[in-house]
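Presented below is the structure to which this report refers.
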Amino acid sequence: MEKKKVILDIRNFSVSFEQYESGFRKTGLPVIRNLDVKVHAGEMVAVVGSSGSGKSLLAHGILGILPYNASMGGELIYDGAPLTGERQKALRGNELVLVPQSVAFLDPLMKIGPQIRKGKKDRASREKLNEIFRGYHLKEEVQEQYPFELSGGMNRRVLVSTALMGNPRLIIADEPTPGLHMDMVRRVMSHFRELADQGAGVLLITHDLEQALQVADRVVVFYAGTTVEDARAEDFQSEETLRHPYSRALWRALPQNGLQFIRGTQPYVKDLPEGCPFGPRCGSCTEECKGEIPVREIRGGSVRCVHAV
């Protein structure tokens with residue numbers, strides 16, 4: 001079997017925000033820590049986790065669109081070379097495409113058609129957009145309308161269309177389907193799958209594990225700003241094949257597995273416990289879990305847990 005090329009390699013990635021406390025005293029707020037993700041060409045990787053875990057910041061960090069008071073650490077390697085700020089700017093919207101979570105990313109002063117076609121007026125570009133819109137039940141006249149004239153669901157479908165217009169090598173889809181009818185959700189997910197099958201790398205950032213498992217090759221589990229497990233999608237067919245207690249909790253919370261829940265909440269970044277951030281909610285937590293938790297390779301996946309076997 002031919003080994004696929006790594007298109008994006010995120011190593012020990014971190015994001016922190018500078019804040020002021022007690023007047024003029026500055027402090028750093030580490031929102032993402034020790035994050036590791038790889039995306040191969042022709043592969044769809046889902047990053048899953050609950051709201052507030054920092055998933056969207058990962059997308060913005062890769063594209064170089066973090067807020068002014070944010071700073072990044074670690075390494076971003078794209079196509080074998082460091083993804084510097086200069087490269088991010090040059091590749092963004094071309095080889096690197098973001099399908100953002102918020103429809104506010106659409107320009108309110110520009111008609112939909114020129115936005116998606118990026119100003120191109122040739123017949124081929126127009127026909128391709130018409131074809132994409134038909135697949136998402138959007139009429140051709142939508143291209144001559146402004147975002148404020150469309151419903152939220154229509155604008156969401158417009159955003160997804162941006163990934164299908166060009167020939168991107170890496171698509172980052174940040175919660176691309178909220179507010180869409182389930183049939184449309186499946187259609188959107190199948191289109192991302194098709195892009196991966198055609199050779200692009202797809203990074204799907206979502207809290208919807210059930211939908212992600214329908215299309216993804218691998219699932220990276222995110223908790224309180226760090227990766228706790230990187231598993232094959234098929235590992236989620238059974239609780240026993242997963243490695244981290246939080247991944248198993250996510251499995252038990254799926255509808256087909258009883259919608260079970262665990263007590264407690266994900267800790268705020270200022271209230272993180274020592275060692276494993278999931279420790280206070282984990283029934284297997286021991287004193288050893290309060291120290292440094294290295295990443296280990298186990299049964300074809302990786303996990304950040306001292307008790308995983």
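We label chains A, B, ... in the order they appear in the structure tokens, count residues from 1 in each chain, and number ligands from 1 in the order shown.
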
Give me, as a PyMOL selection string, all polymer residues having an atom no more than 8 Å from Leu29 (chain A), counting only C-alpha atoms and skipping those fewer than 3 positions away in the same chain. chain A and resi 16-19+269-270

File of the preceding selection, C-alpha atoms, as a PDB file, in the first residue's frame:
```
ATOM      1  CA  SER A  16      -2.033  31.768  24.227  1.00  0.00           C
ATOM      2  CA  PHE A  17      -3.718  35.123  24.727  1.00  0.00           C
ATOM      3  CA  GLU A  18      -2.244  38.167  26.430  1.00  0.00           C
ATOM      4  CA  GLN A  19      -4.569  39.656  29.024  1.00  0.00           C
ATOM      5  CA  VAL A 269      -8.021  27.209  31.136  1.00  0.00           C
ATOM      6  CA  LYS A 270      -7.289  29.046  34.402  1.00  0.00           C
TER       7      LYS A 270
END
```

Closest contacts (region 195-304 of chain A/region 184-191 of chain A, max 10 Å, only C-alpha atoms) as a tab-separated table:
```
residue	atom	partner	partner_atom	distance
A:Leu195	CA	A:His191	CA	6.3
A:Ala196	CA	A:His191	CA	8.7
A:Asp197	CA	A:His191	CA	9.7
A:Leu204	CA	A:Met189	CA	9.4
A:Gln211	CA	A:Arg186	CA	7.9
A:Ala212	CA	A:Met189	CA	8.1
A:Gln214	CA	A:Met189	CA	8.4
A:Val215	CA	A:Met189	CA	6.8
A:Ala216	CA	A:Met189	CA	9.3
```

Go ahead and write the residues just picked, N, CA, C and O atoms, as an mmCIF file, in the first residue's frame.
```
data_model
loop_
_atom_site.group_PDB
_atom_site.id
_atom_site.type_symbol
_atom_site.label_atom_id
_atom_site.label_comp_id
_atom_site.auth_asym_id
_atom_site.auth_seq_id
_atom_site.Cartn_x
_atom_site.Cartn_y
_atom_site.Cartn_z
ATOM 1 N N LEU A 195 -13.666 15.433 -1.919
ATOM 2 C CA LEU A 195 -12.446 16.234 -2.078
ATOM 3 C C LEU A 195 -11.232 15.466 -1.574
ATOM 4 O O LEU A 195 -10.152 15.514 -2.174
ATOM 5 N N ALA A 196 -11.401 14.746 -0.454
ATOM 6 C CA ALA A 196 -10.301 13.937 0.061
ATOM 7 C C ALA A 196 -9.980 12.794 -0.900
ATOM 8 O O ALA A 196 -8.802 12.512 -1.181
ATOM 9 N N ASP A 197 -11.008 12.152 -1.415
ATOM 10 C CA ASP A 197 -10.790 11.042 -2.346
ATOM 11 C C ASP A 197 -10.098 11.496 -3.633
ATOM 12 O O ASP A 197 -9.439 10.704 -4.310
ATOM 13 N N LEU A 204 -11.513 18.386 9.374
ATOM 14 C CA LEU A 204 -12.875 18.707 9.798
ATOM 15 C C LEU A 204 -12.880 18.948 11.295
ATOM 16 O O LEU A 204 -12.574 18.047 12.080
ATOM 17 N N GLN A 211 -21.571 12.320 12.989
ATOM 18 C CA GLN A 211 -21.429 12.632 11.567
ATOM 19 C C GLN A 211 -19.993 12.463 11.090
ATOM 20 O O GLN A 211 -19.747 12.001 9.977
ATOM 21 N N ALA A 212 -19.037 12.832 11.945
ATOM 22 C CA ALA A 212 -17.628 12.717 11.565
ATOM 23 C C ALA A 212 -17.248 11.272 11.275
ATOM 24 O O ALA A 212 -16.487 10.983 10.334
ATOM 25 N N GLN A 214 -18.933 9.037 9.948
ATOM 26 C CA GLN A 214 -19.467 8.569 8.673
ATOM 27 C C GLN A 214 -18.502 8.807 7.514
ATOM 28 O O GLN A 214 -18.580 8.117 6.490
ATOM 29 N N VAL A 215 -17.592 9.787 7.666
ATOM 30 C CA VAL A 215 -16.776 10.195 6.519
ATOM 31 C C VAL A 215 -15.271 10.240 6.791
ATOM 32 O O VAL A 215 -14.476 10.177 5.852
ATOM 33 N N ALA A 216 -14.870 10.358 8.048
ATOM 34 C CA ALA A 216 -13.453 10.590 8.362
ATOM 35 C C ALA A 216 -12.642 9.295 8.315
ATOM 36 O O ALA A 216 -13.162 8.200 8.531
#
```

Under the rule that only C-alpha atoms are counted, which of A:Leu170, A:Val103, A:Met72, A:Ala249 is the nearest residue to Ser151 (chain A)?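 With only C-alpha atoms as the atom set, the closest residue is A:Val103.
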
Rows by chain and residue number, region 92-204 of chain A within 7 Å of region 30-53 of chain A, shortest pair, only C-alpha atoms, as JSON lines:
```
{"residue": "A:Arg193", "atom": "CA", "partner": "A:Met44", "partner_atom": "CA", "distance": 6.9}
{"residue": "A:Ala196", "atom": "CA", "partner": "A:Gly42", "partner_atom": "CA", "distance": 4.5}
{"residue": "A:Asp197", "atom": "CA", "partner": "A:Gly42", "partner_atom": "CA", "distance": 5.4}
{"residue": "A:Gln198", "atom": "CA", "partner": "A:Gly42", "partner_atom": "CA", "distance": 6.5}
{"residue": "A:Gly199", "atom": "CA", "partner": "A:Gly42", "partner_atom": "CA", "distance": 4.0}
{"residue": "A:Ala200", "atom": "CA", "partner": "A:Gly42", "partner_atom": "CA", "distance": 5.0}
{"residue": "A:Gly201", "atom": "CA", "partner": "A:Ala41", "partner_atom": "CA", "distance": 4.6}
{"residue": "A:Val202", "atom": "CA", "partner": "A:Met44", "partner_atom": "CA", "distance": 4.6}
{"residue": "A:Leu203", "atom": "CA", "partner": "A:Val45", "partner_atom": "CA", "distance": 5.0}
{"residue": "A:Leu204", "atom": "CA", "partner": "A:Ala46", "partner_atom": "CA", "distance": 4.5}
```

Generate the output file for the selected residues, N, CA and C atoms, as a CSV table (one decimal), in the first residue's frame.
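Dumped to selection.csv:
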```csv
chain,number,residue,atom,x,y,z
A,193,ARG,N,-15.8,14.5,1.7
A,193,ARG,CA,-15.2,13.2,1.5
A,193,ARG,C,-14.7,13.0,0.0
A,196,ALA,N,-11.4,14.7,-0.5
A,196,ALA,CA,-10.3,13.9,0.1
A,196,ALA,C,-10.0,12.8,-0.9
A,197,ASP,N,-11.0,12.2,-1.4
A,197,ASP,CA,-10.8,11.0,-2.3
A,197,ASP,C,-10.1,11.5,-3.6
A,198,GLN,N,-10.2,12.8,-4.0
A,198,GLN,CA,-9.6,13.3,-5.1
A,198,GLN,C,-8.2,13.8,-4.9
A,199,GLY,N,-7.7,13.6,-3.6
A,199,GLY,CA,-6.3,13.9,-3.3
A,199,GLY,C,-6.0,15.0,-2.3
A,200,ALA,N,-7.0,15.8,-2.0
A,200,ALA,CA,-6.8,16.9,-1.0
A,200,ALA,C,-6.8,16.4,0.4
A,201,GLY,N,-6.2,17.1,1.3
A,201,GLY,CA,-6.3,16.9,2.7
A,201,GLY,C,-7.4,17.6,3.3
A,202,VAL,N,-8.2,17.0,4.2
A,202,VAL,CA,-9.4,17.7,4.8
A,202,VAL,C,-9.3,17.6,6.3
A,203,LEU,N,-9.3,18.7,7.0
A,203,LEU,CA,-9.3,18.8,8.4
A,203,LEU,C,-10.7,19.3,8.8
A,204,LEU,N,-11.5,18.4,9.4
A,204,LEU,CA,-12.9,18.7,9.8
A,204,LEU,C,-12.9,18.9,11.3
```

Neighbouring residues of Arg157 (chain A) were defined as those with any atom within 12 Å, considering only C-alpha atoms; residues of the same chain fewer than 5 positions away were excluded. Please report them as a ChimeraX atom specification. /A:99-103,106,112,116,132-139,142,147,150-152,162-164,176-181,184-185,187-189,191

Spatial neighbours of Gln237 (chain A), 12 Å, only C-alpha atoms, chain gap at least 6 places, as a list of chain:residue names: A:Glu210, A:Leu213, A:Gln214, A:Ala231, A:Ser247, A:Arg248, A:Leu250, A:Trp251, A:Arg252, A:Leu254, A:Gln256, A:Asn257

Residues of region 41-107 of chain A classed as strand (DSSP E) by DSSP on the backbone are to be reported as a ChimeraX atom specification. /A:44-48,70-78,81-82,96-99

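For the set A:Leu129, A:Ile172, A:Ala124, A:Val6, the residue with the smallest atom-to-atom gap to Gly80 (chain A) is A:Val6, counting only C-alpha atoms.
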
Option closest in space to His207 (chain A), from A:Arg117, A:Met154, A:Val220, A:Glu95 [counting only C-alpha atoms]: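 Closest to His207 (chain A), using only C-alpha atoms: A:Val220.
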
Extract the full set of helix (DSSP H, G or I) residues from region 30-180 of chain A according to DSSP on the backbone, and format it as a ChimeraX atom specification. /A:55-63,85-91,103-105,112-117,123-135,140-144,147-149,152-165
